[in-house]
Structure formats: structure tokens, C-alpha cells
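Have a look at the structure below, then the notes.
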Amino acid sequence: MPLEGPARIVSELTSRGYNAEREAVTRISSADDPDALLESILTELPDDALVVRTDHVDAALEASSSSGGPAASEGNEHPSTSTGKPSHVTDLSDVPSPVETKECSQEQTRSTDLERRSIEIDGDMTGSSTGTGEYEDFVSVFRDRLERLGSSLRSRINHRPATAIESMSGGSEVGMVGLVNDIRSTASGHWLIELEDATGTFPWLVMKDREYADLVGELLRDEVLAMEGTLSDDAGIAFVDSMHFPDVPRTHDPSTADRHVQAALISDVHVGSEEFMADAWNDFARWLHTEQAQHVEYLLLAGDMVEGVGVYPNQDDELDIVDIYDQYEAFNEYLKAVPGDIEIVMIPGNHDAVRLAEPQPGFTDDLREIMSAHDPQIVSNPSTVTLEGVSVLMYHGVSLDEVIAELPEEKASYDEPHKAMYHLLKKRHVAPQFGGHTRLAPEERDYLIIDDVPDIFHTGHVHKLGFGKYHNVLAINSGCWQAQTDFQKSVNIDPDAGYAPIVDLDTLEVTVQKFA
């Protein structure tokens, strides 16, 4: 049967056990006789090849043109692409190609659904950075945070600016929306919280015997919240009666896809590390070719594709690949083992070759060109990716270290990283605290605010697996693909490595595949 467009070409290739670069598929489909060109390519492919590349297409077109064969087309003016595998990459030819059985026929089912796929990106600030690091930039980003997060809080209370509260008489009922400027305990065991708005600051006292006093332990500096209470007799302080967070509404009704389709959510691959688990990755890639994975049509990577260079003390001693560009070349080779008909979206992390300060723009053009397998969509950290109506907030997760360090262990821990994520959802900000472990790049607007409630919140960074639901938002921290390093041993990190959470986008149910 003649091939009809790129989807049919992908189906034919996967049924024979091959992936293909997207450009190669486009070139084949534009040929005068795609069938003949495809057969010519497959005939000449090396025995250990897993991926049909543009240079394979070029070679077939050149041979056909010189012999006057029917496969020649007007598309052969494209320059060939170098696809040589770096010598330091583990040979991927030991990943078995799918056998031509029922499993491969299911891959045809996945590829013929291409027309039903949908990916929308929101919040990608790549190429839009305006901050210069000047004082006014920091003022601007915090004012934007207060205005946007405070807008919903002001409707819940009888809000007054700090300067207006200072002029009110003792005993008055007051309410204020502001940034948490300071948190400290008093000699009597009460808590003093200083809120700051655009007009100034005002102190609020939380009595230790009030039922909401335990909420103080959840507070982080620089987050936005509202307080209501009563002014003291001298009007110098307000006694807190209630606190309000931006939060996710308890009535949140998540969207779902209108067909059975799945997304694999992973992060922290760390290619280039001596502890990168190549065998586990190869098993994962092989599994994606099977019938069990026939509905996995999206792959979301939440940062740290490579191990990086100079990220932590004595890291050089734990590197298998010491050059950062070679690390990305190696990562791209491993990415090629993933079926070519899976859509891939990636954001950077703190080990990647981008600025450390958040928000992190997507990669530079030269790194994007290196990571070209399957033509992934590469966006900033954080970004919201909507898959067939299901919104996924992707954030690498550096701020989770701070949340876990600042909050009581029963409220946030590395063993249950999704619970730390709940607090970010409650604060409607992925990195509320400034000046600590998490670096902030001042921009004209705060790209770290969670403006719209996502259906799924996906993070990585802490190398621990955990998932659960907070007000119907599915929170997933997806573990890693790196075994424990000496540095991790020194700081007591026992990673959950070789796991791939799989989400049914039509039900938001999660299953976890283990490959290590």
C-alpha cells in the first residue's frame, strides 16, 4: 500500500524496528516515490542502525539520481547532517530493535494518532529576558508578584495598605495583603510576622495558643498572603485572627484528554556522570517500543539532561565525560533510542548549561542543534505545557531544597517530595523565597508565579520519586537516572533511580515503570 504522508512513513519504519529523525521523514514524504525511496534507504542501512537519518536519505537520493531511479526528488538539495556517534557514548546497538510482532503493530496505532495530538506552550520566556540586575529590576519583579497574587486575596478581606493601618485607632478590625518580610519568635513563644506592601511594613502577632499558629511553620519569606486581625490598644501591632493563602481552590476540576493517551514524565538524566544508568535508560527506551507502551505519545523531561561541569565540589572526579558539549552529544544519542513518533518537551535544570538564576531560558541555539533527535520542543524553566487540554506545569525544582529545609519534617521531606510541592501550589509560586539557595533573575514580570492552576505539576531535582494530589492537582516528582554519587552520599541523598511515571491523560491516574 502506498505511503500517505509522514504518519504512514513513521508507521512503516516503526513496524520494521526503526526510529527516524523528523527531517528524514519529511524528506521521504516529499519524494516523487516515497515507497521506492524508503525501500532504497532500508536496503542500504547498516545492520546495527536504529535510526533513519537525513544522511541516509541523502545517500539513497544520490544513488537513485545517479542511476536515474524513481526515488530522486526535488528535496535532495538539503545538505547532509553529520550524525557520527561520539566515541564516549555507550554503543546503543545493544538495544534490541522491536521484533515484527503484535508489539510493533501497536506502534502503528500510536503513530496514526498524530493528527489528534496537541501541544501548547505557555510561560516560555526564552528570548524575552529583560533584567539587567539593577535594583529597580528587583523592585519591579516583587511589585508584580504582590499585585498579581494579591489581587485574589484582596477580594477575600477588608484590605488596607500598611500606611493606612498605621493611622487607624486601637481596637480596629484590619486586614492586609503583603509579602512576608520577616518571621521571628518572641520571648513569650508567640510569632511576629512583618508584612510588606508597596506603601511600607506592618507587624502582625500570631499567638502561640491559637489553632492556626501551626501555619507559621509553613511560611516562607517573600511569599504573598493576607492576614486579618485586631489592632492593639496603641495601634502599634495587629493580633492575627486568620491567614489566607493564594492557594488552589478546593473545587478545582482538572481537564482530561478525550481519548486514552499517556505521557511519560521523567527528569534528571545526568548523562556524563559516572553514575548515569545507561542500562536502565536503554531498558526504558526499549520498553517504549513495546505494546505495553503503545499509548505513550508524549515524553516530558524536567531538566538536568546532563551532569554538567563545576556544579558541586570535586565534581570532576565523578565525571565520565568532562566536556559539556560532549555530554549533550551523548545525551542526544541516548535520546535517539526513544521511538521517533513520541513528542518530546524539555526544560533545563541547574546542572544544564544555562544561567542558574530562575526563570531559566531554554537552551542556546548551539545546544538546541546538538539535542536535535526527534526535534524536541525546548522551553524555559518553568513553563506550562498543555497536552490535548491537560495542562502540565513543568518546573525543575531547585526551590524544593529550600522548602524542605525551612518547613517542619512532617510537612515537607525528601522521602515525600510531592508534599513539598503541595506548599508551592498553596503559595501559587514555584520559588517564593529569595536570597537563599534558589537564585532569582529579576524580570519585568514574575515568571515563577502559578497564575493558572495546572492539572499536573511536574518537578525533578531532588532525585526522589513521589506523587499525590493536592486539591485535585496531580503533583509528581519523577526521580532520576543517576545512581548515588559520592557527593550525594556525603549529604545523605539516597536517589530513586530508573523510574518512569506514566500518566493517563484521560484519567490523570499514574503508574510507575521501574527499569533499575
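Residue names in the C-alpha cells use chain letters A, B, ... in the order shown, residue numbers from 1 in each chain, and ligand numbers from 1 in the order shown.
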In region 199-278 of chain A, DSSP helix (DSSP H, G or I) residues written as a ChimeraX atom specification: /A:213-218,278
Write the residues of the preceding selection, restricted to C-alpha atoms, as an mmCIF file, in the first residue's frame.
data_model
loop_
_atom_site.group_PDB
_atom_site.id
_atom_site.type_symbol
_atom_site.label_atom_id
_atom_site.label_comp_id
_atom_site.auth_asym_id
_atom_site.auth_seq_id
_atom_site.Cartn_x
_atom_site.Cartn_y
_atom_site.Cartn_z
ATOM 1 C CA ALA A 213 -0.443 29.015 64.944
ATOM 2 C CA ASP A 214 0.979 25.907 63.268
ATOM 3 C CA LEU A 215 0.577 27.656 59.905
ATOM 4 C CA VAL A 216 3.503 29.883 60.850
ATOM 5 C CA GLY A 217 5.781 26.888 60.343
ATOM 6 C CA GLU A 218 4.701 26.775 56.687
ATOM 7 C CA ALA A 278 22.828 3.718 30.757
#
Selection near Ser380 (chain A), 9 Å with only C-alpha atoms, sequence-local residues under 4 positions removed, as a ChimeraX atom specification: /A:123-126,346-348,359-363,395
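Distances from A:Asp415, A:Glu147, A:Glu228, A:Asp317 to Met176 (chain A) were compared using only C-alpha atoms, and the smallest one belongs to A:Glu228.
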Which residues are close to Pro432 (chain A), i.e. within 6 Å by only C-alpha atoms, leaving aside same-chain residues fewer than 2 positions away? Reply as a compact mmCIF listing (two decimals) with C-alpha atoms, in the first residue's frame.
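Saved to result_39.txt:
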# COMPACT_ATOMS: atom_id res chain seq x y z
CA ASP A 222 8.77 36.74 50.28
CA GLU A 223 5.58 34.73 49.78
CA HIS A 429 4.62 30.31 43.28
Residue neighbourhood Asp233 (chain A), 12 Å, only C-alpha atoms, exclusion window fewer than 5 positions, as a list in words: Met168, Ser169, Gly170, Gly171, Ser172, Glu173, Ala238 and Phe239 of chain A
Distance criterion (only C-alpha atoms): nearest to His351 (chain A) out of A:Glu388, A:Asp55, A:Asp268, A:Glu275: A:Asp268
Close residues, Lys208 (chain A) itself excluded, 10 Å, only C-alpha atoms, min 4 positions apart in chain, as an MDAnalysis selection string: chainID A and resid 185:186 188:191 212:214 216
Spatial neighbours of region 406-408 of chain A, 8 Å, only C-alpha atoms, chain gap at least 2 places, as a ChimeraX atom specification: /A:217-220,402-404,410-412
Keeping only C-alpha atoms, write the selected residues to a file as a CSV table (one decimal), in the first residue's frame.
chain,number,residue,atom,x,y,z
A,217,GLY,CA,5.8,26.9,60.3
A,218,GLU,CA,4.7,26.8,56.7
A,219,LEU,CA,5.6,30.4,55.9
A,220,LEU,CA,8.5,31.4,53.7
A,402,GLU,CA,14.6,25.3,50.4
A,403,VAL,CA,11.0,24.3,51.2
A,404,ILE,CA,12.2,21.0,52.8
A,410,GLU,CA,6.2,16.3,59.0
A,411,LYS,CA,5.2,18.9,56.4
A,412,ALA,CA,8.0,18.5,53.8
Enumerate, in order of chain and increasing residue number, the residues of region 332-446 of chain A with an atom no farther than 10 Å from region 498-507 of chain A, each with its shortest atom pair and distance in Å to one decimal, counting only C-alpha atoms, as a tab-separated table.
residue	atom	partner	partner_atom	distance
A:Leu387	CA	A:Leu505	CA	8.1
A:Glu388	CA	A:Leu505	CA	8.2
A:Gly389	CA	A:Leu505	CA	9.0
A:Val390	CA	A:Leu505	CA	6.8
A:Ser391	CA	A:Leu505	CA	9.8
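The smallest atom-to-atom distance between Gly133 (chain A) and any of A:Leu38, A:Leu179, A:Leu265, A:Ala357, using only C-alpha atoms, is found for A:Ala357.
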Within 7 Å of Gln482 (chain A) using only C-alpha atoms, minus same-chain residues under 4 positions, as a VMD selection string: chain A and resid 269 to 270 275 to 277 497
DSSP-assigned strand (DSSP E or B) members of region 74-276 of chain A, reported as an MDAnalysis selection string: chainID A and resid 119:122 159 173:185 191:197 200:206 224:231 238:244 262:266 271 273 276
Keeping only C-alpha atoms, take the residues you just selected and write them out as a short mmCIF file (atom, residue, chain, number, x, y, z; two decimals), in the first residue's frame.
data_model
loop_
_atom_site.label_atom_id
_atom_site.label_comp_id
_atom_site.auth_asym_id
_atom_site.auth_seq_id
_atom_site.Cartn_x
_atom_site.Cartn_y
_atom_site.Cartn_z
CA ILE A 119 0.88 20.63 22.41
CA GLU A 120 0.55 24.23 23.58
CA ILE A 121 3.23 26.14 25.48
CA ASP A 122 2.58 28.96 27.93
CA HIS A 159 -7.75 45.12 52.79
CA GLU A 173 -10.53 45.37 62.76
CA VAL A 174 -7.94 45.35 59.99
CA GLY A 175 -6.82 43.28 57.03
CA MET A 176 -3.66 43.45 54.92
CA VAL A 177 -2.17 41.74 51.88
CA GLY A 178 1.60 41.73 51.64
CA LEU A 179 4.90 39.93 51.19
CA VAL A 180 6.31 38.15 54.23
CA ASN A 181 9.26 40.36 55.11
CA ASP A 182 10.29 38.73 58.38
CA ILE A 183 9.31 35.87 60.72
CA ARG A 184 10.61 35.69 64.28
CA SER A 185 9.57 34.33 67.64
CA TRP A 191 5.26 34.71 66.48
CA LEU A 192 5.86 38.13 64.98
CA ILE A 193 5.33 38.38 61.22
CA GLU A 194 6.15 41.52 59.32
CA LEU A 195 4.14 42.09 56.14
CA GLU A 196 5.29 44.48 53.46
CA ASP A 197 3.30 46.09 50.67
CA GLY A 200 5.50 50.08 53.83
CA THR A 201 5.56 47.37 56.51
CA PHE A 202 3.37 46.45 59.47
CA PRO A 203 3.87 43.86 62.27
CA TRP A 204 1.37 41.07 62.96
CA LEU A 205 1.43 38.91 66.11
CA VAL A 206 0.35 35.26 65.97
CA VAL A 224 2.31 36.65 49.41
CA LEU A 225 -0.51 36.16 51.90
CA ALA A 226 -3.33 38.03 53.63
CA MET A 227 -3.92 38.48 57.34
CA GLU A 228 -6.92 39.70 59.31
CA GLY A 229 -6.95 40.74 62.94
CA THR A 230 -7.39 43.41 65.58
CA LEU A 231 -5.12 46.34 66.31
CA ALA A 238 -2.16 43.69 64.94
CA PHE A 239 -3.22 40.43 66.61
CA VAL A 240 -3.83 37.82 63.89
CA ASP A 241 -7.25 36.19 63.72
CA SER A 242 -6.88 34.50 60.33
CA MET A 243 -4.47 33.88 57.44
CA HIS A 244 -5.28 33.48 53.77
CA GLN A 262 -0.33 8.69 28.07
CA ALA A 263 2.67 10.86 28.92
CA ALA A 264 5.95 9.70 30.45
CA LEU A 265 7.26 12.21 33.00
CA ILE A 266 10.98 11.95 33.76
CA VAL A 271 24.40 11.91 31.06
CA SER A 273 28.18 11.30 35.15
CA PHE A 276 24.48 7.69 34.77
#
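Here CA of Cys480 (chain A) and CA of Leu335 (chain A) stand 15.3 Å from one another.
Nearest-residue note for Val398 (chain A): choosing from A:Met421, A:Leu319, A:Leu508, A:Ile342, the minimum distance belongs to A:Met421, counting only C-alpha atoms.
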